[in-house]
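So the structure is just underneath, and the comments pick up after that.
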Amino acid sequence: MRGVTFLGERKLELAEFPDPAPGPNDVVVEIKASGMCGSDLKFYRAAGGTASLGLGKVSGPVIAGHEPCGVVAETGANIKDRAARIGRRVMVHHYSGCGTCAHCLTGWSQMCVEGSVVYGVTGDGAHAPYMKVPAHTLVPLPDQLTFAAGAAISCGTGTAYQALRRMNVSGRDTIAVIGQGPVGLSATQLAAHMGARVIALDVSPQRLARAKEFGADALINPALDDAVVGIKALTNGRGADMTLDSSGAAEGRVTAVRATKAWGTACFVGEGGNVTLDVSPDLLRKQLTIVGSWTFSTVVQADCARFIAERKIAVDDLFTHRWQLSQAEEAYRVFDRQISGKGVFLM
């Protein structure tokens, strides 16, 4: 089979790989949809490719793609779980750890004390027709959801959902979501369905227009207007009850902190980078809570899928581009511009 590998410096290759065969505790998933995530871009852009990013030992090319969704095609000899039976529609939690530490036992294998495999980064991912994973990484995909929706939930949308859960967002709240890429736009959509009033921020007019379609009540372009002043103007001078930064940029994080009201909560979900704050006025004297939220557990992934299915949330609308694997070079060139919506490979 052919799979996408990132070579770094905005280059990739469709390379030949052997079809995977399951070990005793593994399954092979026939991939139906493999999402493109914003964090893929750092592997796509990195000088020296994925191996240069310090995410674990990598020997040889690795198939990219960490938003897997498909159907169980083959199972190992020890697999007895009905959830992993052949033909089952599944998402994949794209991490695997030791399986016995406290984090692994609660579905948080990305936090494994022994270290974890990250599928699509340090282990072969989903930008290919088939993917081998341990059976414990499987999460059921509700029948009401498409494979593309399942792919979104398998990273970007699930990450947004976990962050909103960490903050306990409800209809009482005004939340400012900073950055309207795939994760931020998912947060806007989900927070609106949780009943919150959403203020969406982005420097891209195209992304702001999509945020309005996804339920944002107000829009701010920080390239044109002072974001903190704008958020306070929309909240009678108080600031937002909650803010979520998905940009990963220092400016976005500072905005999140300074635009949050006294006793409020700011959440950082965007990966990488730094931020410099003036601790007394920005944090202490506002009694501010800052939350760091990193992806989600298997339990939360399943809960996110149920939430979306039961409320008939149009997660598929996140996708502005649907690609075949043979179009991978063009797909990542488009995604790299970061002005469009989310892309997905459909097999």
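Residues in the structure tokens are numbered from 1 in each chain, the chains being A, B, ... in the order shown, and ligands are numbered from 1 in the order shown.
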* Any idea what's packed within 9 Å of Ile290 (chain A), counting only C-alpha atoms, ignoring anything in its chain fewer than 3 positions away? Could you give it as a PyMOL selection string? -> chain A and resi 257+264-268+283
For the residues selected in the previous step, produce a file with N, CA and C atoms as a PDB file, in the first residue's frame.
```pdb
ATOM      1  N   VAL A 257      -5.666  35.855  28.416  1.00  0.00           N
ATOM      2  CA  VAL A 257      -5.531  36.170  29.837  1.00  0.00           C
ATOM      3  C   VAL A 257      -6.114  37.542  30.150  1.00  0.00           C
ATOM      4  N   GLY A 264     -12.394  34.625  36.425  1.00  0.00           N
ATOM      5  CA  GLY A 264     -12.690  33.842  35.226  1.00  0.00           C
ATOM      6  C   GLY A 264     -11.639  32.782  34.959  1.00  0.00           C
ATOM      7  N   THR A 265     -11.785  32.104  33.806  1.00  0.00           N
ATOM      8  CA  THR A 265     -10.896  31.004  33.425  1.00  0.00           C
ATOM      9  C   THR A 265     -10.408  31.197  31.999  1.00  0.00           C
ATOM     10  N   ALA A 266      -9.093  31.104  31.819  1.00  0.00           N
ATOM     11  CA  ALA A 266      -8.487  31.122  30.491  1.00  0.00           C
ATOM     12  C   ALA A 266      -7.887  29.750  30.232  1.00  0.00           C
ATOM     13  N   CYS A 267      -8.098  29.230  29.033  1.00  0.00           N
ATOM     14  CA  CYS A 267      -7.601  27.899  28.675  1.00  0.00           C
ATOM     15  C   CYS A 267      -6.659  27.998  27.486  1.00  0.00           C
ATOM     16  N   PHE A 268      -5.481  27.374  27.607  1.00  0.00           N
ATOM     17  CA  PHE A 268      -4.536  27.280  26.507  1.00  0.00           C
ATOM     18  C   PHE A 268      -4.623  25.877  25.918  1.00  0.00           C
ATOM     19  N   LEU A 283      -2.804  38.118  36.473  1.00  0.00           N
ATOM     20  CA  LEU A 283      -3.232  36.879  37.125  1.00  0.00           C
ATOM     21  C   LEU A 283      -3.692  37.090  38.560  1.00  0.00           C
TER      22      LEU A 283
END
```
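Using only C-alpha atoms, the shortest contact distance between Ala223 (chain A) and any of A:Gly239, A:Pro205, A:Gly195, A:Pro142 is found at A:Pro205.
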* **Distance query Gly181 (chain A) at most 12 Å, only C-alpha atoms, self and fewer than 6 positions along chain excluded, as number ranges by chain** => A: 36-39, 156-157, 160, 187-189, 200-211, 245-248, 270, 318-320, 335-343
Please write the residues from the selection above to a file, keeping C-alpha atoms, as a compact mmCIF listing (two decimals), in the first residue's frame.
```txt
# COMPACT_ATOMS: atom_id res chain seq x y z
CA MET A 36 -5.66 16.90 8.43
CA CYS A 37 -4.82 18.62 11.73
CA GLY A 38 -3.08 21.93 12.31
CA SER A 39 -0.34 20.17 14.27
CA GLY A 156 -9.21 18.54 16.48
CA THR A 157 -12.87 18.45 17.48
CA ALA A 160 -11.91 21.41 21.56
CA ALA A 187 -14.77 25.07 19.94
CA THR A 188 -17.01 27.81 18.55
CA GLN A 189 -19.47 25.25 17.18
CA ALA A 200 -14.76 34.48 17.81
CA LEU A 201 -11.36 36.02 17.05
CA ASP A 202 -9.10 35.53 14.03
CA VAL A 203 -6.98 37.63 11.69
CA SER A 204 -8.49 35.88 8.64
CA PRO A 205 -11.76 37.36 7.35
CA GLN A 206 -12.57 34.02 5.72
CA ARG A 207 -12.23 32.16 9.00
CA LEU A 208 -14.26 34.78 10.84
CA ALA A 209 -17.06 34.41 8.29
CA ARG A 210 -17.09 30.65 8.92
CA ALA A 211 -17.16 31.23 12.68
CA ASP A 245 -6.66 30.18 22.93
CA SER A 246 -6.23 27.74 20.06
CA SER A 247 -3.75 29.91 18.16
CA GLY A 248 -0.64 28.87 20.08
CA GLY A 270 -2.73 25.63 21.07
CA LEU A 318 -15.79 21.83 9.20
CA PHE A 319 -14.40 20.32 6.01
CA THR A 320 -13.88 22.70 3.13
CA PHE A 335 -3.72 23.61 4.15
CA ASP A 336 -0.34 25.27 4.75
CA ARG A 337 -1.79 28.65 3.80
CA GLN A 338 -4.04 28.47 6.89
CA ILE A 339 -6.86 30.51 5.44
CA SER A 340 -9.15 27.63 4.48
CA GLY A 341 -11.09 25.21 6.66
CA LYS A 342 -10.25 21.63 7.51
CA GLY A 343 -9.18 19.00 4.99
```
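Summary of the local environment: counting only C-alpha atoms, residues at most 6 Å from His66 (chain A), other than itself and those fewer than 2 positions away along its chain, are A:Pro68, A:His94, A:Tyr119, A:Gly120, A:Gly125.
Counting from CA of Thr106 (chain A), the distance to CA of Thr298 (chain A) is 8.2 Å.
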* Using only C-alpha atoms, which residues sit within 12 Å of Asp143 (chain A) once same-chain residues fewer than 5 positions away are excluded, as a PyMOL selection string? -> chain A and resi 71+88-91+149-150+305-306+308-310+312
* To do: Within 10 Å of region 127-129 of chain A, counting only C-alpha atoms, which residues show up once you throw out same-chain ones fewer than 4 positions away? Write them as number ranges by chain, please.
  => A: 1-5, 14-17, 19-20, 29-36, 63-68, 70, 120, 324-325, 328, 344-347
For the residues in that selection, give me C-alpha atoms as a compact mmCIF listing (two decimals), in the first residue's frame.
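The result, written out as out.txt:
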```
# COMPACT_ATOMS: atom_id res chain seq x y z
CA MET A 1 0.00 0.00 0.00
CA ARG A 2 1.02 3.64 -0.36
CA GLY A 3 1.15 6.06 2.57
CA VAL A 4 1.99 9.74 3.04
CA THR A 5 5.27 10.54 4.79
CA LEU A 14 3.64 8.85 -1.20
CA ALA A 15 5.85 5.89 -0.32
CA GLU A 16 5.31 2.15 -0.58
CA PHE A 17 4.70 0.22 2.66
CA ASP A 19 0.16 -4.06 4.16
CA PRO A 20 0.03 -4.31 7.98
CA VAL A 29 -8.34 -0.77 10.58
CA GLU A 30 -9.37 -0.14 6.99
CA ILE A 31 -9.17 3.65 6.93
CA LYS A 32 -12.21 5.41 5.52
CA ALA A 33 -11.30 8.99 6.51
CA SER A 34 -8.07 10.56 7.75
CA GLY A 35 -8.25 14.17 8.88
CA MET A 36 -5.66 16.90 8.43
CA ILE A 63 3.06 7.20 7.74
CA ALA A 64 1.46 10.52 8.69
CA GLY A 65 -2.08 11.19 9.86
CA HIS A 66 -3.33 11.18 13.46
CA GLU A 67 -7.09 11.54 12.90
CA PRO A 68 -8.01 7.95 11.95
CA GLY A 70 -12.61 3.46 9.57
CA GLY A 120 1.05 9.50 12.66
CA GLN A 324 -7.77 11.47 -2.26
CA LEU A 325 -4.35 10.29 -1.06
CA ALA A 328 -1.58 14.76 -0.85
CA VAL A 344 -9.75 15.25 5.03
CA PHE A 345 -8.56 12.31 2.97
CA LEU A 346 -11.39 9.98 1.99
CA MET A 347 -10.39 6.48 0.97
```
